[in-house]
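Chemist: Have a peek at start_8.cif (mmCIF, C-alpha atoms).
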data_target
#
loop_
_atom_site.label_atom_id
_atom_site.label_comp_id
_atom_site.auth_asym_id
_atom_site.auth_seq_id
_atom_site.Cartn_x
_atom_site.Cartn_y
_atom_site.Cartn_z
CA MET A 757 3.79 -15.82 18.02
CA THR A 758 6.32 -13.31 16.87
CA SER A 759 8.67 -11.90 19.45
CA ARG A 760 7.47 -8.65 20.89
CA PRO A 761 9.82 -5.73 21.19
CA GLN A 762 10.29 -4.39 24.69
CA ASN A 763 9.45 -0.90 25.76
CA LEU A 764 6.32 -0.58 23.65
CA GLN A 765 4.68 1.67 26.10
CA THR A 766 5.83 5.14 25.34
CA LYS A 767 9.01 5.61 23.40
CA HIS A 768 9.55 4.00 20.02
CA LEU A 769 7.56 1.27 18.35
CA ALA A 770 8.71 -1.23 15.79
CA GLY A 771 6.63 -0.61 12.68
CA TYR A 772 5.47 -2.73 9.78
CA ARG A 773 7.64 -2.49 6.69
CA LYS A 774 6.13 -1.14 3.50
CA PRO A 775 5.77 -3.59 0.63
CA ASP A 776 8.69 -3.72 -1.82
CA ARG A 777 8.60 -1.32 -4.72
CA GLY A 778 6.54 -2.53 -7.67
CA THR A 779 4.71 -5.22 -5.73
CA GLN A 780 1.53 -3.18 -5.17
CA PRO A 781 -0.68 -1.39 -7.70
CA ASP A 782 -0.98 2.38 -7.78
CA TYR A 783 -4.29 3.98 -6.85
CA HIS A 784 -4.61 5.78 -10.19
CA TYR A 785 -4.51 3.22 -13.00
CA PRO A 786 -6.62 4.34 -16.00
CA PRO A 787 -6.75 0.93 -17.76
CA TYR A 788 -9.04 -0.01 -14.84
CA ALA A 789 -11.55 2.72 -15.55
CA SER A 790 -13.15 2.90 -12.09
CA THR A 791 -9.86 4.13 -10.61
CA VAL A 792 -9.96 7.37 -12.59
CA LYS A 793 -12.51 9.22 -10.45
CA ARG A 794 -12.05 7.29 -7.22
CA SER A 795 -8.32 7.43 -6.60
CA PRO A 796 -6.66 10.17 -4.54
CA LEU A 797 -4.40 12.46 -6.56
CA LYS A 798 -2.99 14.60 -3.75
CA PRO A 799 0.11 13.31 -2.01
CA LEU A 800 -0.47 10.78 0.74
CA VAL A 801 0.75 11.86 4.19
CA VAL A 802 3.28 9.47 5.72
CA LEU A 803 1.99 8.12 9.03
CA PRO A 804 4.41 7.62 11.89
CA THR A 805 4.26 4.27 13.67
CA THR A 806 1.95 4.66 16.66
CA LEU A 807 -0.03 2.23 18.79
CA SER A 808 -2.94 2.79 16.41
CA GLU A 809 -1.15 1.05 13.53
CA VAL A 810 0.57 -1.80 15.37
CA THR A 811 -2.65 -2.92 17.04
CA GLY A 812 -5.74 -4.12 15.17
CA PRO A 813 -8.93 -6.14 15.49
CA LEU A 814 -8.55 -9.77 16.55
CA PHE A 815 -11.25 -12.36 16.06
CA GLY A 816 -11.91 -15.65 17.78
CA TYR A 817 -13.52 -18.97 17.00
CA ASP A 818 -16.75 -17.77 18.61
CA ILE A 819 -17.72 -15.99 15.40
CA ILE A 820 -16.95 -18.90 13.05
CA LYS A 821 -19.34 -21.79 12.49
CA ALA A 822 -18.03 -25.30 11.83
CA ASN A 823 -19.15 -25.37 8.18
CA ASP A 824 -18.11 -21.84 7.25
CA PHE A 825 -14.98 -23.10 5.44
CA ASP A 826 -17.02 -25.30 3.07
CA LEU A 827 -18.81 -23.23 0.42
CA THR A 828 -20.39 -26.38 -1.02
CA LYS A 829 -22.31 -27.05 2.20
CA GLN A 830 -24.17 -23.79 2.70
CA SER A 831 -27.45 -25.09 1.34
CA SER A 832 -29.54 -28.27 1.44
CA GLY A 833 -28.52 -29.17 -2.12
CA ASP A 834 -25.18 -29.52 -3.92
CA PRO A 835 -23.97 -26.56 -5.96
CA ILE A 836 -23.28 -27.10 -9.68
CA GLY A 837 -19.66 -27.06 -10.81
CA GLU A 838 -16.25 -28.54 -10.23
CA ARG A 839 -15.45 -29.02 -6.53
CA ILE A 840 -12.01 -27.75 -5.52
CA VAL A 841 -9.97 -27.40 -2.35
CA VAL A 842 -8.24 -24.03 -1.88
CA SER A 843 -5.67 -23.95 0.89
CA GLY A 844 -2.41 -22.39 1.87
CA ARG A 845 -0.52 -20.57 4.55
CA VAL A 846 -0.67 -16.99 5.73
CA LEU A 847 2.84 -15.75 6.51
CA ASP A 848 4.32 -12.37 7.26
CA ALA A 849 7.19 -10.90 5.28
CA ASN A 850 9.57 -12.25 7.93
CA ALA A 851 8.40 -15.74 6.88
CA ARG A 852 6.64 -16.33 10.20
CA PRO A 853 3.15 -17.88 10.24
CA VAL A 854 0.23 -15.57 10.98
CA ALA A 855 -1.83 -17.64 13.38
CA ASN A 856 -5.52 -17.30 14.30
CA THR A 857 -6.28 -14.63 11.76
CA LEU A 858 -9.62 -14.23 10.02
CA VAL A 859 -9.79 -15.11 6.31
CA GLU A 860 -12.97 -14.18 4.43
CA VAL A 861 -13.66 -15.27 0.83
CA TRP A 862 -16.34 -14.62 -1.78
CA GLN A 863 -16.66 -15.59 -5.42
CA ALA A 864 -18.89 -16.13 -8.46
CA ASN A 865 -20.55 -19.49 -9.07
CA ALA A 866 -19.46 -21.99 -11.73
CA ALA A 867 -21.34 -20.02 -14.38
CA GLY A 868 -19.60 -16.76 -13.52
CA ARG A 869 -22.54 -15.22 -11.68
CA TYR A 870 -22.72 -13.63 -8.24
CA PRO A 871 -25.93 -13.81 -6.21
CA HIS A 872 -25.91 -10.03 -6.00
CA HIS A 873 -28.46 -7.45 -7.13
CA ARG A 874 -25.83 -5.49 -9.04
CA ASP A 875 -24.72 -8.50 -11.09
CA THR A 876 -26.80 -8.30 -14.29
CA HIS A 877 -24.87 -10.96 -16.23
CA ASN A 878 -27.48 -13.33 -17.64
CA ALA A 879 -25.73 -16.52 -16.50
CA PRO A 880 -27.77 -18.65 -14.08
CA VAL A 881 -27.77 -18.09 -10.33
CA ASP A 882 -27.14 -21.28 -8.36
CA PRO A 883 -29.57 -21.43 -5.42
CA ASN A 884 -27.21 -23.84 -3.65
CA PHE A 885 -24.18 -21.60 -3.86
CA PRO A 886 -24.20 -18.36 -1.82
CA GLY A 887 -20.52 -17.95 -2.68
CA CYS A 888 -18.99 -16.92 0.63
CA GLY A 889 -16.92 -18.54 3.36
CA ARG A 890 -14.65 -17.75 6.27
CA THR A 891 -12.16 -19.39 8.56
CA LEU A 892 -9.35 -18.71 11.01
CA THR A 893 -5.77 -19.77 10.32
CA ASP A 894 -4.31 -22.40 12.65
CA ALA A 895 -1.12 -22.06 14.71
CA GLN A 896 1.00 -22.63 11.57
CA GLY A 897 -0.93 -20.02 9.61
CA ARG A 898 -2.76 -22.65 7.55
CA TYR A 899 -6.25 -22.24 6.15
CA ARG A 900 -8.46 -24.43 3.96
CA PHE A 901 -11.64 -23.91 1.96
CA VAL A 902 -13.74 -26.33 -0.07
CA THR A 903 -15.58 -24.62 -2.89
CA ILE A 904 -16.57 -24.66 -6.57
CA ARG A 905 -14.24 -23.45 -9.28
CA PRO A 906 -15.63 -20.00 -10.18
CA GLY A 907 -16.47 -19.11 -13.78
CA GLU A 908 -15.07 -16.21 -15.77
CA TYR A 909 -17.51 -13.39 -16.47
CA PRO A 910 -17.86 -10.28 -18.64
CA TRP A 911 -17.60 -6.77 -17.22
CA ARG A 912 -17.93 -3.36 -18.78
CA ASN A 913 -14.47 -1.90 -18.26
CA HIS A 914 -13.73 -1.95 -22.01
CA TYR A 915 -15.06 -3.64 -25.13
CA ASN A 916 -15.29 -7.43 -24.66
CA ALA A 917 -13.76 -7.31 -21.18
CA TRP A 918 -13.77 -10.57 -19.20
CA ARG A 919 -12.48 -11.15 -15.70
CA PRO A 920 -10.29 -14.22 -15.23
CA ALA A 921 -11.69 -16.76 -12.76
CA HIS A 922 -10.91 -15.53 -9.26
CA ILE A 923 -11.73 -15.80 -5.57
CA HIS A 924 -11.76 -12.66 -3.41
CA PHE A 925 -9.76 -12.88 -0.16
CA SER A 926 -9.93 -10.55 2.86
CA LEU A 927 -7.36 -10.83 5.68
CA PHE A 928 -6.67 -8.89 8.85
CA GLY A 929 -3.35 -10.10 10.23
CA PRO A 930 -2.11 -8.95 13.63
CA ALA A 931 -2.41 -5.19 13.17
CA PHE A 932 -4.27 -2.33 11.48
CA ALA A 933 -1.21 -2.08 9.21
CA THR A 934 -1.49 -5.66 7.93
CA ARG A 935 -5.00 -5.53 6.46
CA LEU A 936 -5.15 -6.98 2.95
CA VAL A 937 -7.89 -7.55 0.40
CA THR A 938 -6.81 -9.40 -2.72
CA GLN A 939 -7.88 -11.92 -5.36
CA MET A 940 -6.65 -15.43 -6.08
CA TYR A 941 -6.38 -16.55 -9.69
CA PHE A 942 -5.95 -19.97 -11.34
CA PRO A 943 -2.83 -21.26 -13.10
CA GLY A 944 -2.77 -21.06 -16.87
CA ASP A 945 -5.78 -18.73 -17.18
CA PRO A 946 -5.42 -17.13 -20.64
CA LEU A 947 -7.44 -14.08 -19.50
CA LEU A 948 -4.84 -12.96 -16.95
CA GLU A 949 -2.65 -11.09 -19.41
CA TYR A 950 -5.67 -9.03 -20.53
CA ASP A 951 -6.97 -8.24 -17.05
CA PRO A 952 -6.37 -4.62 -15.96
CA MET A 953 -6.59 -5.56 -12.27
CA TYR A 954 -3.95 -8.27 -12.58
CA ILE A 955 -1.59 -6.24 -14.75
CA SER A 956 -2.01 -3.16 -12.54
CA ILE A 957 0.71 -4.80 -10.42
CA PRO A 958 3.91 -3.38 -11.92
CA ASN A 959 6.28 -6.21 -11.07
CA GLU A 960 5.56 -9.35 -13.06
CA ARG A 961 6.96 -11.67 -10.41
CA ALA A 962 4.71 -10.03 -7.83
CA ARG A 963 1.70 -10.77 -10.06
CA TRP A 964 2.52 -14.47 -9.94
CA ARG A 965 1.97 -14.35 -6.18
CA LEU A 966 -1.76 -14.04 -6.94
CA VAL A 967 -1.84 -17.18 -9.10
CA SER A 968 -2.54 -20.37 -7.18
CA THR A 969 -0.78 -23.61 -8.06
CA LEU A 970 -2.22 -27.06 -8.62
CA ASP A 971 -1.54 -29.00 -5.42
CA TRP A 972 -1.51 -32.82 -5.44
CA GLU A 973 -0.99 -32.89 -1.68
CA THR A 974 -4.39 -31.40 -0.96
CA THR A 975 -6.18 -32.96 -3.93
CA ILE A 976 -8.79 -35.45 -2.73
CA PRO A 977 -8.77 -38.49 -5.06
CA GLU A 978 -11.99 -38.91 -7.02
CA GLN A 979 -13.42 -35.87 -5.26
CA ALA A 980 -11.71 -32.48 -5.70
CA LEU A 981 -8.57 -30.94 -7.18
CA GLY A 982 -6.45 -28.92 -4.76
CA TYR A 983 -5.09 -25.43 -5.37
CA ARG A 984 -2.49 -23.85 -3.14
CA PHE A 985 -2.49 -20.12 -2.43
CA ASP A 986 -0.02 -18.75 0.11
CA ILE A 987 -0.48 -15.18 1.29
CA VAL A 988 2.22 -12.88 2.66
CA LEU A 989 1.21 -9.97 4.89
CA ARG A 990 3.47 -7.11 5.86
CA GLY A 991 6.26 -7.96 8.29
CA ARG A 992 7.27 -6.08 11.38
CA ASP A 993 10.67 -4.54 11.94
CA GLU A 994 12.64 -6.19 14.69
CA THR A 995 13.75 -2.95 16.28
CA PRO A 996 12.17 0.46 16.50
CA PHE A 997 13.64 3.32 14.55
CA GLU A 998 14.81 6.25 16.59
CA ASN A 999 13.95 8.71 13.86
CA ASP A 1000 10.42 7.50 13.40
CA MET A 1001 8.85 10.68 14.68
CA ARG A 1002 10.94 12.94 12.50
CA LEU A 1003 8.69 15.57 10.97
CA PRO A 1004 8.81 16.18 7.23
CA ARG A 1005 10.98 19.08 6.21
CA MET B 1491 15.62 -13.45 4.03
CA GLY B 1492 12.22 -11.83 3.86
CA LEU B 1493 9.26 -12.63 1.63
CA GLU B 1494 7.54 -10.19 -0.69
CA THR B 1495 4.06 -9.15 0.39
CA THR B 1496 1.08 -10.33 -1.61
CA PRO B 1497 -0.28 -7.61 -3.91
CA SER B 1498 -3.57 -5.93 -3.09
CA GLN B 1499 -6.54 -6.14 -5.46
CA THR B 1500 -9.81 -4.27 -5.48
CA ILE B 1501 -12.70 -5.40 -3.34
CA GLY B 1502 -14.92 -5.09 -6.45
CA PRO B 1503 -18.67 -4.49 -6.55
CA TYR B 1504 -19.84 -7.77 -5.02
CA PHE B 1505 -18.17 -7.74 -1.59
CA HIS B 1506 -21.54 -7.72 0.21
CA ILE B 1507 -21.64 -11.48 -0.40
CA GLY B 1508 -18.56 -12.12 1.68
CA LEU B 1509 -18.40 -9.25 4.14
CA THR B 1510 -21.97 -8.48 5.25
CA TRP B 1511 -21.94 -11.14 7.98
CA LEU B 1512 -19.50 -9.08 10.06
CA ILE B 1513 -21.23 -5.71 9.77
CA THR B 1514 -20.78 -3.92 13.09
CA ASP B 1515 -22.46 -0.52 13.08
CA ASN B 1516 -22.71 -0.24 16.85
CA LEU B 1517 -19.34 -0.42 18.60
CA ALA B 1518 -20.86 0.91 21.83
CA ARG B 1519 -23.00 -1.98 22.93
CA GLU B 1520 -24.52 -2.11 26.38
CA GLY B 1521 -21.85 -2.21 29.05
CA VAL B 1522 -19.30 -0.23 27.07
CA SER B 1523 -18.21 2.86 28.95
CA GLY B 1524 -17.71 6.24 27.34
CA ASP B 1525 -19.53 9.09 25.66
CA ARG B 1526 -21.71 7.87 22.81
CA VAL B 1527 -21.22 9.41 19.39
CA THR B 1528 -23.06 8.76 16.16
CA VAL B 1529 -21.04 9.32 13.01
CA GLU B 1530 -22.70 9.87 9.67
CA GLY B 1531 -20.81 10.58 6.49
CA ARG B 1532 -21.01 10.44 2.74
CA ILE B 1533 -18.31 9.19 0.39
CA VAL B 1534 -18.07 10.93 -2.97
CA ASP B 1535 -15.78 10.67 -6.01
CA ALA B 1536 -14.01 13.38 -8.02
CA ASP B 1537 -17.30 14.55 -9.53
CA GLY B 1538 -19.15 14.61 -6.21
CA ILE B 1539 -21.02 11.46 -7.20
CA ALA B 1540 -21.99 9.16 -4.33
CA VAL B 1541 -19.84 6.08 -3.84
CA GLY B 1542 -22.62 3.61 -3.12
CA ASP B 1543 -20.45 0.52 -2.89
CA ALA B 1544 -17.84 1.19 -0.24
CA VAL B 1545 -16.86 -0.65 2.93
CA VAL B 1546 -15.73 1.48 5.87
CA GLU B 1547 -13.87 -0.22 8.71
CA ILE B 1548 -13.11 1.39 12.06
CA TRP B 1549 -10.40 0.57 14.58
CA GLN B 1550 -10.25 2.57 17.76
CA ALA B 1551 -9.19 2.64 21.39
CA ASP B 1552 -11.65 2.49 24.30
CA ALA B 1553 -12.68 5.41 26.49
CA HIS B 1554 -9.45 5.03 28.49
CA GLY B 1555 -7.36 5.35 25.35
CA ARG B 1556 -6.38 1.70 25.26
CA TYR B 1557 -6.64 -0.78 22.40
CA ALA B 1558 -8.06 -4.30 22.83
CA HIS B 1559 -4.81 -5.81 21.62
CA PRO B 1560 -1.88 -7.53 23.36
CA ASP B 1561 0.66 -5.08 21.93
CA ASP B 1562 -0.98 -2.18 23.75
CA THR B 1563 0.92 -2.33 27.03
CA GLN B 1564 0.03 1.16 28.26
CA ASP B 1565 -0.35 1.30 32.01
CA LYS B 1566 -4.05 2.16 32.09
CA PRO B 1567 -7.32 0.27 32.55
CA ARG B 1568 -9.00 -1.47 29.63
CA ASP B 1569 -12.73 -1.69 29.01
CA PRO B 1570 -13.32 -5.45 28.61
CA ALA B 1571 -16.67 -4.83 26.89
CA PHE B 1572 -15.12 -2.88 24.04
CA THR B 1573 -13.53 -4.50 20.97
CA GLY B 1574 -12.91 -1.34 18.93
CA PHE B 1575 -13.79 -2.85 15.55
CA GLY B 1576 -16.52 -1.58 13.27
CA ARG B 1577 -17.55 -2.38 9.69
CA VAL B 1578 -20.26 -0.56 7.75
CA MET B 1579 -21.18 -0.20 4.09
CA THR B 1580 -22.37 2.83 2.18
CA ASP B 1581 -25.94 2.90 0.87
CA GLY B 1582 -27.01 4.01 -2.61
CA ASP B 1583 -26.51 7.64 -1.60
CA GLY B 1584 -22.93 6.98 -0.51
CA VAL B 1585 -23.91 7.36 3.15
CA PHE B 1586 -22.49 5.33 6.04
CA ARG B 1587 -23.46 5.49 9.74
CA PHE B 1588 -22.18 4.01 12.95
CA THR B 1589 -22.43 4.48 16.69
CA THR B 1590 -19.43 4.31 18.96
CA ILE B 1591 -17.79 5.99 21.94
CA LYS B 1592 -15.26 8.77 21.87
CA PRO B 1593 -11.91 7.09 22.49
CA GLY B 1594 -9.45 8.35 25.07
CA ARG B 1595 -6.00 9.62 24.22
CA VAL B 1596 -3.48 6.99 23.17
CA ALA B 1597 0.24 7.33 23.85
CA ALA B 1598 2.29 8.87 21.07
CA PRO B 1599 5.73 7.51 20.25
CA GLY B 1600 8.45 9.65 21.75
CA GLY B 1601 6.21 10.65 24.65
CA GLY B 1602 3.00 12.65 24.88
CA SER B 1603 -0.40 11.58 23.62
CA GLN B 1604 -2.35 11.49 20.42
CA ALA B 1605 -5.67 13.28 20.20
CA PRO B 1606 -8.76 11.03 20.29
CA HIS B 1607 -9.20 9.55 16.82
CA LEU B 1608 -10.73 6.72 14.84
CA ASN B 1609 -8.54 4.77 12.42
CA VAL B 1610 -10.52 4.29 9.24
CA THR B 1611 -10.02 1.94 6.28
CA ILE B 1612 -11.96 2.45 3.04
CA PHE B 1613 -12.45 -0.17 0.34
CA THR B 1614 -14.41 0.23 -2.87
CA ARG B 1615 -14.57 -0.79 -6.49
CA GLY B 1616 -12.00 1.40 -8.23
CA LEU B 1617 -9.54 1.25 -5.35
CA LEU B 1618 -6.84 -1.30 -6.19
CA LYS B 1619 -5.69 -1.04 -2.57
CA HIS B 1620 -7.54 0.30 0.43
CA LEU B 1621 -7.28 3.82 1.76
CA ILE B 1622 -6.26 4.65 5.30
CA THR B 1623 -7.43 7.82 7.03
CA ARG B 1624 -8.35 9.09 10.51
CA MET B 1625 -11.34 10.86 11.98
CA TYR B 1626 -10.72 13.34 14.81
CA PHE B 1627 -13.29 15.02 17.05
CA PRO B 1628 -14.41 18.63 16.64
CA GLY B 1629 -13.39 21.16 19.26
CA ASP B 1630 -11.01 18.84 21.11
CA PRO B 1631 -8.08 20.92 22.37
CA ALA B 1632 -5.83 17.86 21.97
CA ASN B 1633 -6.11 18.22 18.19
CA GLY B 1634 -3.69 21.13 18.48
CA ASP B 1635 -0.72 19.00 19.44
CA ASP B 1636 -1.56 15.68 17.82
CA PRO B 1637 1.62 14.33 16.21
CA VAL B 1638 -0.20 12.96 13.16
CA LEU B 1639 -2.28 16.08 12.49
CA GLN B 1640 0.93 18.07 12.72
CA ARG B 1641 2.27 16.18 9.72
CA VAL B 1642 -0.75 17.17 7.63
CA PRO B 1643 -0.54 20.46 5.72
CA ALA B 1644 -2.55 22.97 7.77
CA GLU B 1645 -5.00 23.73 4.96
CA ARG B 1646 -5.95 20.05 4.68
CA ARG B 1647 -6.32 19.18 8.37
CA GLU B 1648 -10.01 19.99 8.41
CA THR B 1649 -10.73 17.02 6.18
CA LEU B 1650 -9.82 14.77 9.11
CA ILE B 1651 -11.94 16.51 11.75
CA ALA B 1652 -15.63 15.68 11.97
CA ALA B 1653 -18.22 18.46 12.23
CA PRO B 1654 -20.96 18.58 14.85
CA GLY B 1655 -23.99 16.86 13.34
CA GLU B 1656 -27.58 17.97 13.51
CA GLY B 1657 -30.01 16.81 16.14
CA LYS B 1658 -29.10 15.03 19.34
CA SER B 1659 -25.88 15.57 21.18
CA GLY B 1660 -23.07 13.27 20.15
CA ALA B 1661 -24.04 13.47 16.49
CA LEU B 1662 -21.06 13.94 14.18
CA LYS B 1663 -20.82 14.47 10.44
CA TRP B 1664 -17.72 13.39 8.54
CA ASP B 1665 -17.67 13.24 4.74
CA VAL B 1666 -14.95 11.60 2.69
CA VAL B 1667 -13.88 12.96 -0.70
CA LEU B 1668 -11.84 10.43 -2.67
CA GLN B 1669 -10.41 12.91 -5.16
CA GLY B 1670 -10.45 16.62 -5.98
CA GLU B 1671 -9.93 20.05 -4.49
CA CYS B 1672 -11.34 19.07 -1.09
CA GLU B 1673 -9.80 15.60 -1.17
CA THR B 1674 -9.67 13.92 2.24
CA VAL B 1675 -6.18 13.31 3.59
CA PHE B 1676 -5.15 9.70 3.16
CA PHE B 1677 -2.10 8.17 4.75
CA ASP B 1678 0.80 6.18 3.49
CA TYR B 1679 1.80 3.62 6.02
#
Let me see the structure of the file written as structure tokens.
Modeler:
Amino acid sequence: MTSRPQNLQTKHLAGYRKPDRGTQPDYHYPPYASTVKRSPLKPLVVLPTTLSEVTGPLFGYDIIKANDFDLTKQSSGDPIGERIVVSGRVLDANARPVANTLVEVWQANAAGRYPHHRDTHNAPVDPNFPGCGRTLTDAQGRYRFVTIRPGEYPWRNHYNAWRPAHIHFSLFGPAFATRLVTQMYFPGDPLLEYDPMYISIPNERARWRLVSTLDWETTIPEQALGYRFDIVLRGRDETPFENDMRLPR
Amino acid sequence: MGLETTPSQTIGPYFHIGLTWLITDNLAREGVSGDRVTVEGRIVDADGIAVGDAVVEIWQADAHGRYAHPDDTQDKPRDPAFTGFGRVMTDGDGVFRFTTIKPGRVAAPGGGSQAPHLNVTIFTRGLLKHLITRMYFPGDPANGDDPVLQRVPAERRETLIAAPGEGKSGALKWDVVLQGECETVFFDY
């Protein structure tokens, strides 16, 4: 576990650092059309660091079933598609592992179809692939899923729009301030450079953080290719700032 | 040397597949102490159109004003039955509902206390990163000296305070406007 600053009780709390400039998308990003009417346009109010932000929900093994990490074993039959292993580490921005944190994933099937009433794409639904999984990271922040490589699929953002293949990830981390929902992409996907969600991230190097890498270490011979996807959550300051409660002028 | 944080991406329209299993619309299960409240709200976009595909997550202290988390070292009792986490989804009319207890006051940095509040996270298609806001309780005198409310321009504070709901006692109404003249206050943290 990370070291815990003393004197948390009343005075000053060490907060979680904001992500570096350019590493996160803006709310209002018209190339992704759904942002136009759903993004706030008034200025955000800067929150001070309080107990409410440095605490957050914690989950235990009691809510996870043994097979929840294996998306290919959620049904009596085998799902169609290419089996893959997706694994990696969850770290904080101080490069420390985030242990025992909940990781939730969901994705389309091999044909690019979600088993969801709002998905009207006419690709086949796979009755053996519900498309969701969950796990907790271990003491070193490691997680591992077995799944099917998801297919690309069309969407109606613009003419001939196609989403690159992706897996949705949801993580909590140790605090309210560390919550993250993101998407993992696959290396070499030619659709990435046309995807408004991917290119909404201003900094090109930051975008690459969402692209997994082929991983021979986790590849299972004659069974499944491995992809590695490390995730970095916000890191906590080592010392509290005295001026944290300063009111805006 | 530090690492750069992973970029956020939208939750998209199909999150029900992965997130429904952990729906928690009753935070005040049997054995939890505190005054029960039922919160109902509607999420709308800039045109007042219902946001029918949102996830709302709640994080809150127990009735003593203490969080179920090791970093809350306040010298006060903790309700062992209360976890403080909730997750609900909006229906086709943009409406979400949950039952919980009114939290106690949590210490504020620099001394003093915060007014009772719920920490709320909102995800939806069209949000490339989630929104953070707070819900406060109507008529609570502590709202007057809450250090976070004080940072909010006076004319916008009302967007963070629930209204008494109709029907039984403990009913609260709290709508969220994602954009526009009456836009809810969202926080940068």
Chemist: Pull the closest atom pair for each residue of chain A that gets at most 6 Å from chain B, along with the distance in Å to one decimal, counting only C-alpha atoms, ordering rows by chain and then ascending residue number, as CSV.
Modeler:
residue,atom,partner,partner_atom,distance
A:Gln765,CA,B:Gln1564,CA,5.2
A:Thr766,CA,B:Gly1601,CA,5.6
A:Lys767,CA,B:Gly1600,CA,4.4
A:His768,CA,B:Pro1599,CA,5.2
A:Pro775,CA,B:Thr1495,CA,5.8
A:Thr779,CA,B:Pro1497,CA,5.8
A:Gln780,CA,B:Pro1497,CA,4.9
A:Tyr783,CA,B:Leu1618,CA,5.9
A:Ser790,CA,B:Gly1616,CA,4.3
A:Thr791,CA,B:Gly1616,CA,4.2
A:Lys793,CA,B:Ala1536,CA,5.0
A:Arg794,CA,B:Asp1535,CA,5.2
A:Pro796,CA,B:Gln1669,CA,4.7
A:Leu800,CA,B:Phe1677,CA,5.1
A:Val801,CA,B:Phe1677,CA,4.7
A:Val802,CA,B:Asp1678,CA,4.7
A:Leu803,CA,B:Tyr1679,CA,5.4
A:Thr806,CA,B:Pro1599,CA,5.9
A:Thr811,CA,B:His1559,CA,5.8
A:Pro813,CA,B:Phe1575,CA,5.9
A:Ala849,CA,B:Leu1493,CA,4.5
A:Asn850,CA,B:Gly1492,CA,4.9
A:Val861,CA,B:Gly1508,CA,5.9
A:Trp862,CA,B:Gly1508,CA,4.8
A:Cys888,CA,B:Gly1508,CA,4.9
A:Val937,CA,B:Ser1498,CA,5.8
A:Thr938,CA,B:Gln1499,CA,4.3
A:Gln939,CA,B:Gln1499,CA,5.9
A:Ile987,CA,B:Thr1496,CA,5.9
A:Val988,CA,B:Thr1495,CA,4.7
A:Leu989,CA,B:Thr1495,CA,5.4
A:Arg990,CA,B:Thr1495,CA,5.9
Chemist: So how many Å separate CA of Pro787 (chain A) and CA of Tyr950 (chain A), to one decimal?
Modeler: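 CA of Tyr950 (chain A) lies 10.4 Å from CA of Pro787 (chain A).
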Chemist: Spell out the residues picked by the PyMOL selection byres ((chain B and resi 1529) around 6) here, as a list in words.
Modeler: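 The output of the PyMOL selection byres ((chain B and resi 1529) around 6) on this file is Thr1528, Glu1530, Arg1587, Phe1588, Leu1662 and Lys1663 of chain B.
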Chemist: Could you jot down the CA of Ala1605 (chain B) to CA of Asp1636 (chain B) separation for me, Å, one decimal place?
Modeler: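 Result for CA of Ala1605 (chain B) versus CA of Asp1636 (chain B): 5.3 Å, one decimal.
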Chemist: What does the distance from CA of Thr857 (chain A) to CA of Gly889 (chain A) come to in Å, to one decimal?
Modeler: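 Atom-to-atom, CA of Thr857 (chain A) and CA of Gly889 (chain A) are spaced 14.1 Å apart.
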Chemist: Since fewer atoms than expected are present, regenerate N, CA and C atoms for region 959-969 of chain A and write them as an mmCIF file, keeping the file's coordinate frame.
Modeler:
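What follows is the written file selection-v3.cif:
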data_model
loop_
_atom_site.group_PDB
_atom_site.id
_atom_site.type_symbol
_atom_site.label_atom_id
_atom_site.label_comp_id
_atom_site.auth_asym_id
_atom_site.auth_seq_id
_atom_site.Cartn_x
_atom_site.Cartn_y
_atom_site.Cartn_z
ATOM 1 N N ASN A 959 5.247 -5.183 -11.029
ATOM 2 C CA ASN A 959 6.280 -6.210 -11.070
ATOM 3 C C ASN A 959 5.666 -7.550 -11.455
ATOM 4 N N GLU A 960 6.170 -8.128 -12.551
ATOM 5 C CA GLU A 960 5.560 -9.350 -13.060
ATOM 6 C C GLU A 960 5.662 -10.501 -12.070
ATOM 7 N N ARG A 961 6.799 -10.584 -11.380
ATOM 8 C CA ARG A 961 6.960 -11.670 -10.410
ATOM 9 C C ARG A 961 5.967 -11.515 -9.247
ATOM 10 N N ALA A 962 5.687 -10.263 -8.891
ATOM 11 C CA ALA A 962 4.710 -10.030 -7.830
ATOM 12 C C ALA A 962 3.316 -10.481 -8.262
ATOM 13 N N ARG A 963 3.010 -10.305 -9.561
ATOM 14 C CA ARG A 963 1.700 -10.770 -10.060
ATOM 15 C C ARG A 963 1.536 -12.268 -9.836
ATOM 16 N N TRP A 964 2.615 -13.002 -10.058
ATOM 17 C CA TRP A 964 2.520 -14.470 -9.940
ATOM 18 C C TRP A 964 2.105 -14.889 -8.532
ATOM 19 N N ARG A 965 2.368 -14.015 -7.552
ATOM 20 C CA ARG A 965 1.970 -14.350 -6.180
ATOM 21 C C ARG A 965 0.455 -14.499 -6.036
ATOM 22 N N LEU A 966 -0.295 -13.954 -7.012
ATOM 23 C CA LEU A 966 -1.760 -14.040 -6.940
ATOM 24 C C LEU A 966 -2.292 -15.270 -7.677
ATOM 25 N N VAL A 967 -1.411 -16.019 -8.329
ATOM 26 C CA VAL A 967 -1.840 -17.180 -9.100
ATOM 27 C C VAL A 967 -1.594 -18.437 -8.269
ATOM 28 N N SER A 968 -2.671 -19.144 -7.977
ATOM 29 C CA SER A 968 -2.540 -20.370 -7.180
ATOM 30 C C SER A 968 -1.839 -21.443 -8.014
ATOM 31 N N THR A 969 -1.413 -22.493 -7.344
ATOM 32 C CA THR A 969 -0.780 -23.610 -8.060
ATOM 33 C C THR A 969 -1.568 -24.880 -7.784
#
